[in-house]
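I have placed the structure first, in the form of structure tokens, so that the comments after it can refer back to it.
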Amino acid sequence: MSDDYTNDFYKAKSRARFQSLMATLTWKNTDLLSLYEVTSIIKPTGETYRGMQTIRVDKIIGSEGRYHDFSSAFFPKKEMLKNRWASVDKAVLTDVILPPISVFSLGGWYFVRDGNHRVSVAKAKGVEFIDAEVVELDSQIPLSEGMTMKALKRRVVLYERNQFIQQYKPSYLPMGNIIFTAPGSYPEMVNHILVHKYYINQNKENEISFEEAAISWYKNVYEPIVDAVREEHILFDFPGHTEGDMYLWLVRRWDDMKRMQGRNDVTTQEAAKEMKKEGRKNVIRRYISFFLSKFSKK
């Protein structure tokens, strides 16, 4: 392989390294989006084959299987990519016709199924368009260039919150006090309310409404558990999260403790104390992982 093409690879790899350095200084994530992780959050409802198209290279923001190998700008990150990357670079520069890449389209953006190296070379060379075989996935969640998984999760949570408000019109709940940060939390909250409604209706002749059940759930379930969270100062050990997050986590921990210990008399206070212990351990793990990731050789 000619030194020219190898040099092109190392120039692109240096750009990936520089991007990573700048991200470290600005606390940003430069990971390429994983199609699997994105679809596990967005949960597309169907797919449609769109055939051969010419797509914009700058609209390609992720990969199905090689998301660890390239930066978010699709520059190569690993030495093992050199030979394949340089051979694609040579083909492009010597006008060899390469087969079209294969992509998934999601919200107007693209995730590479096959052809990651071709996309990387195109990005490095400033190519604007590339031929692609496109399969479109249906989604109500809009994506955007440079979006991280963290930003995507925030967008999904906002969508789910708006869906809940639109469907249940919860003026009867203090929604300013019920904030979640994890996708799936608002549907899980609805399930909690429906379970609470079921148990209340067992002792009533006439079935109560969702609104009545939600008011009772907030007063008799949500608030007492959040009080236990506050008493143990658990939120301090889980930065970036909310009392709503802690409510869901504590309920799960509470159920796990009752099942594992074979006791139905486990209190929310006991579960809160266990969560606090776990939170302290997680803080230590996060600091260790952070320093290992920044100072270990890649």
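Ligands are numbered from 1 in the order shown, residues from 1 within each chain, and chains are lettered A, B, ... in the order they appear in the structure tokens.
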For this session: Can you list, as a PyMOL selection string, all residues belonging to range 33-240 of chain A that DSSP tags as alpha helix (DSSP H)?
Result: chain A and resi 35-42+82-93+116-125+149-168+185-201+210-217+223-231
Extract, using only C-alpha atoms, all DNA, RNA and protein residues at most 8 Å from range 209-221 of chain A, discarding same-chain residues fewer than 3 positions from it, and format them as a compact mmCIF listing (two decimals) with N, CA and C atoms, in the first residue's frame.
```txt
# COMPACT_ATOMS: atom_id res chain seq x y z
N PRO A 170 -53.14 15.82 32.89
CA PRO A 170 -53.00 15.68 34.35
C PRO A 170 -52.92 17.00 35.12
N TYR A 172 -54.55 17.59 37.52
CA TYR A 172 -54.79 17.15 38.89
C TYR A 172 -53.51 16.67 39.56
N LEU A 173 -52.40 16.61 38.82
CA LEU A 173 -51.11 16.20 39.38
C LEU A 173 -50.13 17.36 39.32
N ILE A 193 -49.73 3.75 38.37
CA ILE A 193 -51.04 4.32 38.69
C ILE A 193 -52.15 3.31 38.40
N LEU A 194 -52.03 2.58 37.29
CA LEU A 194 -53.05 1.60 36.94
C LEU A 194 -53.07 0.44 37.93
N HIS A 196 -52.18 0.72 41.10
CA HIS A 196 -52.79 1.33 42.29
C HIS A 196 -54.32 1.40 42.12
N LYS A 197 -54.76 1.76 40.95
CA LYS A 197 -56.19 1.83 40.63
C LYS A 197 -56.85 0.45 40.79
N ILE A 200 -57.30 -0.40 44.53
CA ILE A 200 -58.36 0.41 45.14
C ILE A 200 -59.73 -0.10 44.72
N PRO A 224 -44.76 9.52 49.86
CA PRO A 224 -44.04 8.84 50.95
C PRO A 224 -42.68 8.29 50.52
N ILE A 225 -42.60 7.77 49.29
CA ILE A 225 -41.33 7.22 48.83
C ILE A 225 -40.32 8.34 48.57
```
Exercise. When DSSP works through the backbone of this structure, what residues of range 61-194 of chain A end up as strand (DSSP E or B), shown as a list in words?
Worked result: Ile61, Gly62, Ser63, Phe70, Ser71, Pro76, Ile101, Ser102, Val103, Phe104, Ser105, Leu106, Trp109, Tyr110, Phe111, Val112, Arg113, Asp114, Phe129, Ile130, Asp131, Ala132, Glu133, Val134, Val135, Glu136 and Leu137 of chain A
Exercise. Do you know which residues are at most 8 Å from Val38 in chain A counting only C-alpha atoms, after dropping those on the same chain fewer than 5 positions away, and could you put them as a VMD selection string?
Worked result: chain A and resid 33 149 152
Exercise. Residues at most 7 Å from range 83-96 of chain A, counting only C-alpha atoms, excluding those fewer than 4 positions away in the same chain, as a PyMOL selection string?
Worked result: chain A and resi 5-6+9+117-118+121
Using the selection just defined, write its residues with N, CA and C atoms as an mmCIF file, in the first residue's frame.
```cif
data_model
loop_
_atom_site.group_PDB
_atom_site.id
_atom_site.type_symbol
_atom_site.label_atom_id
_atom_site.label_comp_id
_atom_site.auth_asym_id
_atom_site.auth_seq_id
_atom_site.Cartn_x
_atom_site.Cartn_y
_atom_site.Cartn_z
ATOM 1 N N TYR A 5 -1.529 6.813 0.723
ATOM 2 C CA TYR A 5 -2.819 6.397 1.259
ATOM 3 C C TYR A 5 -2.716 6.114 2.760
ATOM 4 N N THR A 6 -1.570 5.579 3.178
ATOM 5 C CA THR A 6 -1.346 5.364 4.608
ATOM 6 C C THR A 6 -1.282 6.696 5.344
ATOM 7 N N PHE A 9 -4.638 8.001 5.960
ATOM 8 C CA PHE A 9 -5.267 7.337 7.114
ATOM 9 C C PHE A 9 -4.823 7.989 8.413
ATOM 10 N N HIS A 117 -16.038 2.125 6.121
ATOM 11 C CA HIS A 117 -14.762 2.676 5.654
ATOM 12 C C HIS A 117 -14.970 3.653 4.501
ATOM 13 N N ARG A 118 -15.919 3.336 3.615
ATOM 14 C CA ARG A 118 -16.203 4.229 2.495
ATOM 15 C C ARG A 118 -16.747 5.576 2.991
ATOM 16 N N VAL A 121 -13.743 7.547 4.563
ATOM 17 C CA VAL A 121 -12.896 8.163 3.545
ATOM 18 C C VAL A 121 -13.606 9.352 2.916
#
```
Exercise. Quick one: residues within 12 Å of Leu143 in chain A, only C-alpha atoms counted, chain neighbours fewer than 5 positions away excluded, as a count of residues only?
Worked result: 23
For this session: Rank nothing, just name the residue among A:Leu158, A:Val112, A:Ala228, A:Ala182 nearest to Ser34 in chain A, using only C-alpha atoms.
Result: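 Closest to Ser34 in chain A, using only C-alpha atoms: A:Val112.
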Exercise. Between A:Gln140, A:Gln269, A:Asn162, A:Asn191, which is the closest to Thr45 in chain A once you count only C-alpha atoms?
Worked result: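 Checking each candidate against Thr45 in chain A, we get A:Gln140 as the closest.
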